Amino acid sequence: MTFLKLNSLRKHYGAVAALDGVDLSVAPGSRSAIVGPSGCGKTTLLRLIAGFDVPEAGTILLDGEVVADAQGQVPAHLRNIGIVAQDGCLFPHLTVADNIGFGLKTSREAKQARAAELMEMVGLDNAMLSRKPDQLSGGQQQRVALARALARKPRLMLLDEPFSALDTGLRAATRKSVADVLSAAGITTILVTHDQQEALAFADQLAVMRAGRFAQVGAPRDVYARPVDAATAAFLGEAIVLPATVKAGQAQSPLGLLPVDERDFEGQASILLRPEQISVDRAEGLKANGTVGEVAFGGSTCDTRVTLDGAGAFSFRLDIPNRDMLLKGDRIAISVSGKAHVFR
Amino acid sequence: MSATTDTRVLTAPRYRLPAASSWTLTIAVVVALLALLPLGFVLWAAFATGWDTAVQLIFRERVGDLMVDTILLVLLTIPICTLLSVTLAWLTERTDLPGARLWSWLCVAPLAVPAFVHSYAWVGFWPGIHGLGAGVAISVVAYFPFLYLPVSAAFRMLDPALEDQAASLGLAPFAVFRRVVLPQLRLAICGGTLLIGLHLLAEYGLYAMIRFDTFTTAIIDQFQSTYNGVAAYMLALVLVLCCFVLLGVEAGLRGSRRYARLGSGVARRTRVARLGRWKYPLLILPLVTAAFSLGIPALTLGHWLVAGGAAIWRMDEIGLALGQTLVICLIGGFATTAAAVPIAWLSVRRANRSSRFLEGCYYLASSMPGVVVALALVTVTVRVLLPFYQTLATIVLAYVIMFLPRALVSLRASIAQVPVELEQAAASLGRSPGNALWSTTVRLAAPGAAAGVALSSLGIMNELTATQMLAPNGTRTLAMAFWALSSEIDYAGAAPYAVLMVLFSLPLTWLLHHQSKKIAGR
Amino acid sequence: MTTSYALAAGAAVLGFSVLAFSTSASAQVADSLTIYNAQHEALTKEWANAFTEETGIVVTVRNGSDLEFANQIVQEGANSPADIFLTENSPAMALVDGKGLFEPVAKDTLEQVPEGFRPANGHWTGVAARSTVFAYDKTKLTEDKLPKSMLDLAKPEWKGRWAASPSGADFQAIVGAFLQLKGEEATAEWLKGMKTNFTAYRGNSTAMKAVNAGQTEGALIYHYYYFGDQAKTGENSKNVALHYFKHQDPGAFVSISGGGILASSKHKEQAQAFLKWLTGKGGQKVLRDGTSFEYAVGKGEASNKALVPLADLQAPKVEPSTLNNAKVTDMMTAAGLL
């Protein structure tokens, strides 16, 4: 079942294609994340869904209703889509209570009551209701912005990099609480971010966007483990891509013979390993050996470059626990756990 | 050995305060005291007059009539100006109105036409025009740019994301404008209306020409009949009280809080409203505004220039007046800007309660009408400071008092753009604090200072009231010559002077337009 | 910067002082005169240029209005930068004379002016004259409908039908003559009637222009505005005719424009020479042949041919030295006209 459906959306800014044919289906009550580097078109997509901009081609269906297509579009204020922007976008001339009650068309008392209720829901003290936005911290502003967007019980919630302005410590906590609140309210949510960790942690469905298109859409674990190409793999985390010859579920690679996730594929291919699949040992082993290159101390781990023996002197970097105390020039044995992913 | 080194270090000179700061503060305080002279004078006059005489001179029918006229003028002009300016600013900044950039400039250009030339132009067009209606109409075209400038700048500074946000919360476009845009324009509207209100109270020539009596025209009448008589003092007192009421109302409406811009998000390009089929009908508004504020002066001046022919270009007299005007403008402009430097620096680098208080003094002083400033300086110099009587120094002081905030605004903006670290870097390279300030901030703030000189010169060029009362013997500025000729209904002879004033002011208004864009883009 | 600032401040103080004294210094130049001029700028400019051409004495003119200057001179006292004071009307001269600030005018100068056109004490002298007139719209009023006397204008039938410029010294001089001729009570009464009946304009020429444009039926002003405009394009007076009240009516008042030398002047010799020239052939010729259309007052000097001769005006006898303008402005202030 689909709650939001995007069909081949296109949008240009001048000669630059911000969106170059985007399709997406979002299930009701789900959490989707759209992740991609800056300028990939993800914010434009969000603005089209919200109704702030008009697509040049394609359709947007919300709950079975066409909200934008070639014929015209439903204006933003009639869509009932909530949005929480990067900086919260609170009205600076209004108090917190008035901000939260802004979209409500009820009596003043009802607005106050709803504001108090929402403040509790987003975990803020009711004493803050009479403050102006500039008297709140960044995290508090984001929570108020969420409360304001929730006040009208929107059909769909759009989160536009809402956590990126927050400190690292605050970010995870705020993300968690926002996710909990939205789940509790059962509101379908789309998060847009350039932070892959945030996207992976938040979403049921992950869409990786690049140059105005979706490179891959799927469950976060799947996309992480089985990306469609090397670029997608690299965007979602550290990727070790090796040349290999694949045959019968096995790949012959610079790291020796590795099991792969393709039974039927045969021939030359690139394979992907994630650093967490690799472990190293001081004693030289039988399978694959290498030499330690530059080591950059980074606290609990060391960013270490490893060069494999053999043809091509293939090298990659690993975060190796500090206790191993590897130094430049040390000889090491490398072993791999789990399967390698084959790019076809 | 090491003991010797220590001793040498200890003998290095020590300052309790950076020397520049205390010097600057001293000068700023002296300038503030000078600026407050007119206000002090009015208070002194009120005391010296005595209760009975004051009551007799203030609570009389004539003052009542003037009060009614003045209040009506302010109450009618300001709402019309606000409506007009906000609409024009919205059209030029936020819509796809054809030629928006041109219209935006044409909305500022009327400032190049002195208020009394507007009046002259209208009288040339409709000879019988007079009274309140005429006063309101001409005031609107002469002064609406004072509101258009800050409001259009505010439109540019608004974060469009807030409007998107409001739409996502279910507000229709007009409701967004009313509940999100207008409240954020409030500061700009308050500032602009205050400026217009003060001009309405202070203007002489505009109203004298169309026979509309305000406190200022009545004070001039009294001055011409009695020099600095008690009746003039008392009218000045009432006028100053009117200014205070305006200041108070504005402060009340503005509220104590400024709206901080939240977050660090980069402002998105503002969305342009599509006017669709309204595009051309809506062109009528800027068109009509420009016709009245620029077309009428242009037509009247053109008419008189043609009618007067070559005979009105008495180049010896016009040249002399032009020369004198330019000299006075330059001296006044430089003096005003120089006087603003200390307070501008203090208000940026030493922003605290006392520098804010000082700054407030300057604004308060400049809100005194020219006629009051002149009356005070005439009285003080003729009675106490005789060596300064009828000198350039005195009239320059009057200009400093009246136009200092213009220079201050430009200077402060450009000083604020110079990072204080530069001063510190210069100090760390061995410059004395004063030298460090001079070689960094002062140098880099030069464009702002130049703008300050230009803007105060613009004010001086079009100033009539105080100039007439204070100018040294033999002085004849363009404004004075224009006024003398047009008072004797020699409209043709006056035209070349008006044309010159407009021509010299036009580049300066362009600067104003440009500056407001720059401030908005910061 | 301490030094730069100190330097800048020092330079500023120095500059200001130079400026402060430069103008008073220019007044110290031996062959120069400073005139406080309340006469029409154009007329005094003609006078000054002709005088400078003849004598080489440089003249600096400060323009203003009668009573403004009179009160200003009183306040300036011994420090007045002015050498000569020229007015449009007598009350301002009387005010300055009352404070003893005039230097007596040289005898040979006084002898050039008939007795009726200068005060008896000889502290100042008349240099020109102007007559009160009722300038009316000849398309609306016929001679039989004109006011017989200036007193009529305060009567109810003239409500809303006439104009004047009450803030000007000209009109205040007319009221001053009225006061001298009819006394305080009658004047107060008349001013009250005026307040209800008239429309205020700023400046006599503006008032005449209003008559011409049909905005009002008549204006109580001086005669020469009409002739001056007729001599130019006539565009502001083509519908206007002049009514002379005559019969020694207050409205037939002939106002004397005065010239005097200040006792504080440091150029008394040049100043005396100027007044002598002004009341003599040179100055009076400018009145006759120039564009001012004011009456010449010098003995044997003819006025412009276009004017009704001075002798035919049947003006009331008014002593110029006792016209009391302070009283007039007080009464006009009290009547709500100022």
# chains A, B, ... in the order shown; residues from 1 in each chain; ligands from 1

$ select_by_dssp --residues "region 135-300 of chain C" --states "alpha helix (DSSP H)" --output "compact mmCIF listing (two decimals) with N, CA and C atoms, in the first residue's frame"
# COMPACT_ATOMS: atom_id res chain seq x y z
N ALA C 169 5.54 92.24 7.28
CA ALA C 169 5.71 93.56 7.90
C ALA C 169 4.84 94.61 7.20
N ASP C 170 4.58 94.41 5.91
CA ASP C 170 3.77 95.36 5.16
C ASP C 170 2.40 95.51 5.81
N PHE C 171 1.75 94.38 5.98
CA PHE C 171 0.42 94.44 6.55
C PHE C 171 0.45 94.95 7.98
N GLN C 172 1.47 94.54 8.72
CA GLN C 172 1.58 94.99 10.11
C GLN C 172 1.78 96.49 10.18
N ALA C 173 2.45 97.08 9.18
CA ALA C 173 2.60 98.53 9.14
C ALA C 173 1.25 99.21 8.92
N ILE C 174 0.43 98.61 8.06
CA ILE C 174 -0.91 99.16 7.81
C ILE C 174 -1.71 99.13 9.12
N VAL C 175 -1.62 97.99 9.83
CA VAL C 175 -2.32 97.91 11.12
C VAL C 175 -1.75 98.93 12.09
N GLY C 176 -0.43 99.15 12.02
CA GLY C 176 0.21 100.15 12.88
C GLY C 176 -0.35 101.54 12.63
N ALA C 177 -0.53 101.88 11.37
CA ALA C 177 -1.10 103.19 11.02
C ALA C 177 -2.54 103.28 11.53
N PHE C 178 -3.27 102.19 11.35
CA PHE C 178 -4.66 102.11 11.82
C PHE C 178 -4.70 102.40 13.32
N LEU C 179 -3.78 101.73 14.03
CA LEU C 179 -3.69 101.88 15.49
C LEU C 179 -3.44 103.34 15.86
N GLN C 180 -2.50 103.98 15.13
CA GLN C 180 -2.19 105.38 15.44
C GLN C 180 -3.37 106.29 15.13
N LEU C 181 -4.10 105.95 14.05
CA LEU C 181 -5.19 106.83 13.63
C LEU C 181 -6.48 106.60 14.41
N LYS C 182 -6.79 105.36 14.73
CA LYS C 182 -8.11 105.04 15.29
C LYS C 182 -8.07 104.59 16.76
N GLU C 184 -6.58 102.00 20.12
CA GLU C 184 -6.43 100.58 20.42
C GLU C 184 -7.73 99.79 20.31
N GLU C 185 -8.80 100.39 20.86
CA GLU C 185 -10.07 99.64 20.92
C GLU C 185 -10.59 99.35 19.52
N ALA C 186 -10.59 100.38 18.69
CA ALA C 186 -11.09 100.22 17.33
C ALA C 186 -10.22 99.22 16.56
N THR C 187 -8.93 99.25 16.81
CA THR C 187 -8.02 98.34 16.11
C THR C 187 -8.31 96.89 16.49
N ALA C 188 -8.46 96.66 17.80
CA ALA C 188 -8.75 95.31 18.27
C ALA C 188 -10.04 94.81 17.65
N GLU C 189 -11.02 95.68 17.60
CA GLU C 189 -12.33 95.34 17.03
C GLU C 189 -12.18 94.97 15.54
N TRP C 190 -11.41 95.83 14.84
CA TRP C 190 -11.23 95.61 13.41
C TRP C 190 -10.49 94.28 13.14
N LEU C 191 -9.46 94.01 13.97
CA LEU C 191 -8.69 92.77 13.80
C LEU C 191 -9.59 91.55 14.01
N LYS C 192 -10.51 91.71 14.97
CA LYS C 192 -11.43 90.61 15.24
C LYS C 192 -12.30 90.33 14.01
N GLY C 193 -12.81 91.43 13.43
CA GLY C 193 -13.60 91.29 12.20
C GLY C 193 -12.78 90.69 11.08
N MET C 194 -11.54 91.13 10.99
CA MET C 194 -10.65 90.62 9.95
C MET C 194 -10.47 89.10 10.08
N LYS C 195 -10.23 88.66 11.32
CA LYS C 195 -10.00 87.22 11.57
C LYS C 195 -11.16 86.38 11.01
N THR C 196 -12.40 86.86 11.21
CA THR C 196 -13.54 86.11 10.69
C THR C 196 -13.68 86.26 9.17
N ASN C 197 -13.30 87.42 8.64
CA ASN C 197 -13.62 87.69 7.24
C ASN C 197 -12.57 87.23 6.23
N ASN C 204 2.45 89.28 -0.18
CA ASN C 204 1.49 90.10 -0.91
C ASN C 204 1.32 89.63 -2.34
N SER C 205 2.42 89.21 -2.97
CA SER C 205 2.30 88.79 -4.37
C SER C 205 1.42 87.55 -4.47
N THR C 206 1.54 86.66 -3.49
CA THR C 206 0.71 85.47 -3.48
C THR C 206 -0.76 85.85 -3.32
N ALA C 207 -1.01 86.84 -2.46
CA ALA C 207 -2.38 87.30 -2.25
C ALA C 207 -2.95 87.87 -3.56
N MET C 208 -2.13 88.67 -4.26
CA MET C 208 -2.59 89.25 -5.52
C MET C 208 -2.86 88.14 -6.55
N LYS C 209 -1.97 87.15 -6.55
CA LYS C 209 -2.13 86.04 -7.48
C LYS C 209 -3.46 85.33 -7.22
N ALA C 210 -3.83 85.23 -5.95
CA ALA C 210 -5.08 84.57 -5.59
C ALA C 210 -6.26 85.38 -6.11
N VAL C 211 -6.17 86.72 -6.04
CA VAL C 211 -7.23 87.58 -6.57
C VAL C 211 -7.34 87.34 -8.07
N ASN C 212 -6.22 87.34 -8.72
CA ASN C 212 -6.18 87.16 -10.18
C ASN C 212 -6.79 85.82 -10.57
N TYR C 224 2.74 98.30 -5.55
CA TYR C 224 3.74 98.02 -6.58
C TYR C 224 3.75 96.57 -7.07
N TYR C 225 3.11 95.65 -6.32
CA TYR C 225 3.06 94.27 -6.79
C TYR C 225 2.35 94.20 -8.13
N TYR C 226 1.27 95.03 -8.23
CA TYR C 226 0.49 95.06 -9.46
C TYR C 226 1.34 95.59 -10.61
N PHE C 227 2.00 96.73 -10.37
CA PHE C 227 2.76 97.35 -11.47
C PHE C 227 3.95 96.48 -11.88
N GLY C 228 4.57 95.88 -10.88
CA GLY C 228 5.71 95.00 -11.18
C GLY C 228 5.28 93.86 -12.08
N ASP C 229 4.14 93.25 -11.77
CA ASP C 229 3.68 92.12 -12.57
C ASP C 229 3.24 92.56 -13.95
N GLN C 230 2.57 93.71 -14.00
CA GLN C 230 2.15 94.25 -15.31
C GLN C 230 3.38 94.48 -16.20
N ALA C 231 4.46 94.98 -15.58
CA ALA C 231 5.66 95.28 -16.35
C ALA C 231 6.31 94.01 -16.88
N LYS C 268 31.16 104.26 9.41
CA LYS C 268 30.12 105.30 9.39
C LYS C 268 30.25 106.20 8.18
N GLU C 269 31.48 106.46 7.81
CA GLU C 269 31.70 107.38 6.69
C GLU C 269 31.08 106.82 5.41
N GLN C 270 31.40 105.54 5.13
CA GLN C 270 30.87 104.91 3.94
C GLN C 270 29.35 104.79 4.04
N ALA C 271 28.88 104.51 5.27
CA ALA C 271 27.44 104.34 5.46
C ALA C 271 26.70 105.64 5.17
N GLN C 272 27.26 106.74 5.67
CA GLN C 272 26.64 108.05 5.39
C GLN C 272 26.65 108.31 3.88
N ALA C 273 27.74 107.95 3.25
CA ALA C 273 27.83 108.16 1.79
C ALA C 273 26.74 107.35 1.09
N PHE C 274 26.50 106.15 1.58
CA PHE C 274 25.49 105.30 0.95
C PHE C 274 24.10 105.92 1.07
N LEU C 275 23.76 106.36 2.30
CA LEU C 275 22.42 106.95 2.49
C LEU C 275 22.25 108.21 1.65
N LYS C 276 23.33 108.97 1.56
CA LYS C 276 23.26 110.19 0.77
C LYS C 276 23.02 109.87 -0.71
N TRP C 277 23.71 108.83 -1.15
CA TRP C 277 23.55 108.40 -2.54
C TRP C 277 22.14 107.86 -2.77
N LEU C 278 21.66 107.12 -1.76
CA LEU C 278 20.36 106.45 -1.87
C LEU C 278 19.22 107.46 -2.00
N THR C 279 19.29 108.51 -1.17
CA THR C 279 18.21 109.50 -1.19
C THR C 279 18.44 110.56 -2.26
N LYS C 281 20.12 111.60 -6.24
CA LYS C 281 19.79 111.29 -7.64
C LYS C 281 20.00 109.81 -7.97
N GLY C 282 21.16 109.28 -7.56
CA GLY C 282 21.51 107.90 -7.93
C GLY C 282 20.48 106.89 -7.47
N GLY C 283 20.19 106.91 -6.16
CA GLY C 283 19.27 105.94 -5.59
C GLY C 283 17.85 106.14 -6.07
N GLN C 284 17.41 107.38 -6.17
CA GLN C 284 16.03 107.65 -6.54
C GLN C 284 15.79 107.33 -8.03
N LYS C 285 16.86 107.46 -8.81
CA LYS C 285 16.75 107.13 -10.23
C LYS C 285 16.44 105.63 -10.40
N VAL C 286 17.04 104.82 -9.54
CA VAL C 286 16.77 103.38 -9.59
C VAL C 286 15.28 103.13 -9.34
N LEU C 287 14.68 103.93 -8.42
CA LEU C 287 13.25 103.76 -8.13
C LEU C 287 12.41 104.16 -9.35
N ARG C 288 12.86 105.24 -10.00
CA ARG C 288 12.07 105.75 -11.12
C ARG C 288 12.16 104.82 -12.34
N ASP C 289 13.40 104.39 -12.64
CA ASP C 289 13.61 103.66 -13.89
C ASP C 289 13.66 102.14 -13.72

$ residues_around --residues "Arg317 (chain A)" --least-positions-apart "4" --cutoff "10 Å" --atoms "only C-alpha atoms" --output "short mmCIF file (atom, residue, chain, number, x, y, z; two decimals) with N, CA and C atoms, in the first residue's frame"
data_model
loop_
_atom_site.label_atom_id
_atom_site.label_comp_id
_atom_site.auth_asym_id
_atom_site.auth_seq_id
_atom_site.Cartn_x
_atom_site.Cartn_y
_atom_site.Cartn_z
N GLU A 238 32.63 3.63 4.86
CA GLU A 238 33.93 3.26 4.31
C GLU A 238 33.78 1.98 3.49
N ALA A 239 34.30 2.00 2.26
CA ALA A 239 34.14 0.84 1.38
C ALA A 239 35.51 0.39 0.89
N ILE A 240 35.72 -0.93 0.93
CA ILE A 240 36.94 -1.48 0.37
C ILE A 240 36.52 -2.22 -0.89
N PRO A 275 34.86 -2.29 6.21
CA PRO A 275 36.02 -2.45 7.10
C PRO A 275 35.73 -3.35 8.29
N VAL A 292 52.04 -2.47 7.17
CA VAL A 292 51.40 -1.26 7.70
C VAL A 292 52.09 -0.03 7.10
N GLY A 293 51.26 0.90 6.60
CA GLY A 293 51.79 2.18 6.08
C GLY A 293 51.65 3.27 7.12
N GLU A 294 51.17 4.44 6.68
CA GLU A 294 51.01 5.58 7.60
C GLU A 294 50.00 5.24 8.68
N VAL A 295 50.30 5.64 9.93
CA VAL A 295 49.36 5.42 11.03
C VAL A 295 49.03 6.79 11.64
N CYS A 302 43.21 3.76 15.49
CA CYS A 302 44.20 4.42 14.65
C CYS A 302 43.78 4.25 13.21
N ASP A 303 43.85 5.34 12.48
CA ASP A 303 43.55 5.29 11.06
C ASP A 303 44.81 4.76 10.37
N THR A 304 44.70 3.56 9.88
CA THR A 304 45.89 2.85 9.44
C THR A 304 45.78 2.46 7.96
N ARG A 305 46.85 2.71 7.23
CA ARG A 305 46.84 2.29 5.83
C ARG A 305 47.55 0.94 5.73
N VAL A 306 46.90 0.05 5.01
CA VAL A 306 47.44 -1.30 4.86
C VAL A 306 47.71 -1.56 3.39
N THR A 307 48.93 -2.01 3.07
CA THR A 307 49.24 -2.35 1.68
C THR A 307 49.43 -3.86 1.57
#

$ select_by_dssp --residues "region 73-305 of chain A" --states "strand (DSSP E or B)" --output "PyMOL selection string"
chain A and resi 73+81-84+156-160+188-193+205-210+213-218+240-247+250-253+256-260+267-273+278-281+288-298+301-305

$ write_last_selection --atoms "C-alpha atoms" --output "short mmCIF file (atom, residue, chain, number, x, y, z; two decimals), in the first residue's frame"
data_model
loop_
_atom_site.label_atom_id
_atom_site.label_comp_id
_atom_site.auth_asym_id
_atom_site.auth_seq_id
_atom_site.Cartn_x
_atom_site.Cartn_y
_atom_site.Cartn_z
CA GLN A 73 -1.13 21.86 -8.07
CA ILE A 81 1.93 18.52 5.20
CA GLY A 82 4.08 19.40 8.18
CA ILE A 83 7.67 20.48 7.71
CA VAL A 84 10.53 20.97 10.13
CA LEU A 156 2.78 13.71 6.18
CA MET A 157 5.80 15.09 8.01
CA LEU A 158 8.84 16.37 6.14
CA LEU A 159 12.09 16.80 8.04
CA ASP A 160 14.64 18.92 6.16
CA THR A 188 4.30 9.08 7.78
CA THR A 189 7.65 10.84 7.70
CA ILE A 190 10.28 11.72 5.16
CA LEU A 191 13.69 12.82 6.40
CA VAL A 192 16.14 14.55 4.14
CA THR A 193 19.77 14.57 5.21
CA GLN A 205 13.18 2.97 3.79
CA LEU A 206 16.34 4.61 2.52
CA ALA A 207 16.67 6.44 -0.78
CA VAL A 208 20.15 7.43 -1.92
CA MET A 209 20.06 10.42 -4.21
CA ARG A 210 22.70 11.55 -6.62
CA ARG A 213 18.05 10.87 -9.35
CA PHE A 214 17.62 8.05 -6.88
CA ALA A 215 20.61 5.75 -7.17
CA GLN A 216 19.00 3.15 -4.93
CA VAL A 217 15.93 2.73 -2.75
CA GLY A 218 15.51 0.03 -0.19
CA ILE A 240 36.94 -1.48 0.37
CA VAL A 241 36.45 -2.28 -3.29
CA LEU A 242 38.64 -4.99 -4.74
CA PRO A 243 39.00 -6.44 -8.22
CA ALA A 244 38.09 -10.10 -8.26
CA THR A 245 37.27 -13.09 -10.37
CA VAL A 246 33.96 -14.58 -9.25
CA LYS A 247 32.93 -18.12 -9.73
CA GLN A 250 33.58 -17.54 -4.48
CA ALA A 251 35.79 -14.63 -5.46
CA GLN A 252 39.51 -14.75 -6.08
CA SER A 253 40.80 -11.39 -4.81
CA GLY A 256 42.52 -14.44 -1.21
CA LEU A 257 39.46 -16.56 -1.88
CA LEU A 258 36.33 -14.97 -0.38
CA PRO A 259 32.69 -16.09 -0.25
CA VAL A 260 30.34 -13.69 -2.12
CA GLY A 267 33.46 -13.55 -14.37
CA GLN A 268 35.47 -10.40 -13.59
CA ALA A 269 33.85 -7.99 -11.12
CA SER A 270 34.49 -5.53 -8.34
CA ILE A 271 33.64 -6.75 -4.89
CA LEU A 272 32.84 -4.75 -1.77
CA LEU A 273 34.00 -5.36 1.75
CA ILE A 278 38.27 -7.28 8.23
CA SER A 279 40.53 -8.19 11.12
CA VAL A 280 44.32 -8.10 11.29
CA ASP A 281 46.86 -10.13 13.19
CA ALA A 288 46.74 -12.70 2.90
CA ASN A 289 49.59 -10.68 4.24
CA GLY A 290 50.38 -6.98 4.14
CA THR A 291 52.47 -4.13 5.47
CA VAL A 292 51.40 -1.26 7.70
CA GLY A 293 51.79 2.18 6.08
CA GLU A 294 51.01 5.58 7.60
CA VAL A 295 49.36 5.42 11.03
CA ALA A 296 47.32 8.40 12.30
CA PHE A 297 46.51 8.26 15.97
CA GLY A 298 42.81 8.96 16.59
CA THR A 301 41.43 3.68 17.09
CA CYS A 302 44.20 4.42 14.65
CA ASP A 303 43.55 5.29 11.06
CA THR A 304 45.89 2.85 9.44
CA ARG A 305 46.84 2.29 5.83
#

$ residues_around --residues "Gly249 (chain A)" --least-positions-apart "5" --cutoff "10 Å" --atoms "only C-alpha atoms" --output "list in words"
Leu258, Pro259, Val260, Asp261, Glu262, Arg263, Asp264, Phe265, Glu266, Lys339, Ala340 and Val342 of chain A

$ write_last_selection --atoms "N, CA and C atoms" --output "mmCIF file, in the first residue's frame"
data_model
loop_
_atom_site.group_PDB
_atom_site.id
_atom_site.type_symbol
_atom_site.label_atom_id
_atom_site.label_comp_id
_atom_site.auth_asym_id
_atom_site.auth_seq_id
_atom_site.Cartn_x
_atom_site.Cartn_y
_atom_site.Cartn_z
ATOM 1 N N LEU A 258 37.348 -15.427 -1.309
ATOM 2 C CA LEU A 258 36.327 -14.966 -0.378
ATOM 3 C C LEU A 258 34.956 -15.448 -0.823
ATOM 4 N N PRO A 259 34.076 -15.784 0.139
ATOM 5 C CA PRO A 259 32.693 -16.094 -0.246
ATOM 6 C C PRO A 259 31.963 -14.813 -0.661
ATOM 7 N N VAL A 260 31.084 -14.867 -1.675
ATOM 8 C CA VAL A 260 30.345 -13.687 -2.117
ATOM 9 C C VAL A 260 28.851 -13.933 -2.035
ATOM 10 N N ASP A 261 28.075 -12.858 -2.198
ATOM 11 C CA ASP A 261 26.628 -12.967 -2.045
ATOM 12 C C ASP A 261 25.922 -13.287 -3.367
ATOM 13 N N GLU A 262 26.667 -13.667 -4.388
ATOM 14 C CA GLU A 262 26.064 -14.025 -5.672
ATOM 15 C C GLU A 262 26.432 -15.480 -5.984
ATOM 16 N N ARG A 263 25.439 -16.303 -6.111
ATOM 17 C CA ARG A 263 25.703 -17.697 -6.417
ATOM 18 C C ARG A 263 25.947 -17.905 -7.904
ATOM 19 N N ASP A 264 25.189 -17.157 -8.721
ATOM 20 C CA ASP A 264 25.128 -17.489 -10.145
ATOM 21 C C ASP A 264 26.119 -16.712 -11.002
ATOM 22 N N PHE A 265 26.619 -15.598 -10.475
ATOM 23 C CA PHE A 265 27.473 -14.752 -11.289
ATOM 24 C C PHE A 265 28.822 -15.405 -11.536
ATOM 25 N N GLU A 266 29.319 -15.218 -12.734
ATOM 26 C CA GLU A 266 30.638 -15.722 -13.060
ATOM 27 C C GLU A 266 31.376 -14.694 -13.889
ATOM 28 N N LYS A 339 30.393 -12.376 3.867
ATOM 29 C CA LYS A 339 30.501 -12.463 2.435
ATOM 30 C C LYS A 339 30.838 -11.107 1.833
ATOM 31 N N ALA A 340 31.537 -11.168 0.693
ATOM 32 C CA ALA A 340 31.757 -9.932 -0.070
ATOM 33 C C ALA A 340 30.583 -9.704 -0.996
ATOM 34 N N VAL A 342 29.090 -8.365 -4.579
ATOM 35 C CA VAL A 342 29.572 -8.249 -5.953
ATOM 36 C C VAL A 342 28.807 -7.150 -6.676
#

$ residues_around --residues "Lys148 (chain C)" --least-positions-apart "4" --cutoff "9 Å" --atoms "only C-alpha atoms" --output "mmCIF file with N, CA and C atoms, in the first residue's frame"
data_model
loop_
_atom_site.group_PDB
_atom_site.id
_atom_site.type_symbol
_atom_site.label_atom_id
_atom_site.label_comp_id
_atom_site.auth_asym_id
_atom_site.auth_seq_id
_atom_site.Cartn_x
_atom_site.Cartn_y
_atom_site.Cartn_z
ATOM 1 N N ASP C 144 -18.713 100.497 -7.742
ATOM 2 C CA ASP C 144 -19.731 100.798 -6.729
ATOM 3 C C ASP C 144 -19.773 99.737 -5.639
ATOM 4 N N ASP C 152 -14.582 99.015 6.336
ATOM 5 C CA ASP C 152 -15.667 98.184 5.816
ATOM 6 C C ASP C 152 -15.289 96.704 5.760
ATOM 7 N N PHE C 245 -8.085 103.975 -1.537
ATOM 8 C CA PHE C 245 -9.139 104.414 -0.617
ATOM 9 C C PHE C 245 -9.201 105.945 -0.542
ATOM 10 N N ASP C 249 -8.282 107.954 4.601
ATOM 11 C CA ASP C 249 -8.714 106.699 5.216
ATOM 12 C C ASP C 249 -7.456 105.962 5.703
#

$ closest_residue --among "B:Gly448, B:Gly370, B:Gly295, B:Pro472" --to "Tyr389 (chain B)" --atoms "only C-alpha atoms"
B:Pro472

$ residues_around --residues "Ala296 (chain C)" --least-positions-apart "3" --cutoff "12 Å" --atoms "only C-alpha atoms" --output "PyMOL selection string"
chain C and resi 112-114+117+126-131+256-257+278-290+292-293+299-305+307+309-311

$ residues_around --residues "Leu262 (chain C)" --least-positions-apart "5" --cutoff "7 Å" --atoms "only C-alpha atoms" --output "ChimeraX atom specification"
/C:83-84,101-103

$ atom_distance --atom1 "CA of Val328 (chain C)" --atom2 "CA of Leu313 (chain C)"
24.5 Å

$ atom_distance --atom1 "CA of Gly138 (chain A)" --atom2 "CA of Gly88 (chain A)"
8.3 Å

$ closest_residue --among "C:Gly251, C:Gly260, C:Gly234, C:Pro156" --to "Ser90 (chain C)" --atoms "only C-alpha atoms"
C:Gly260
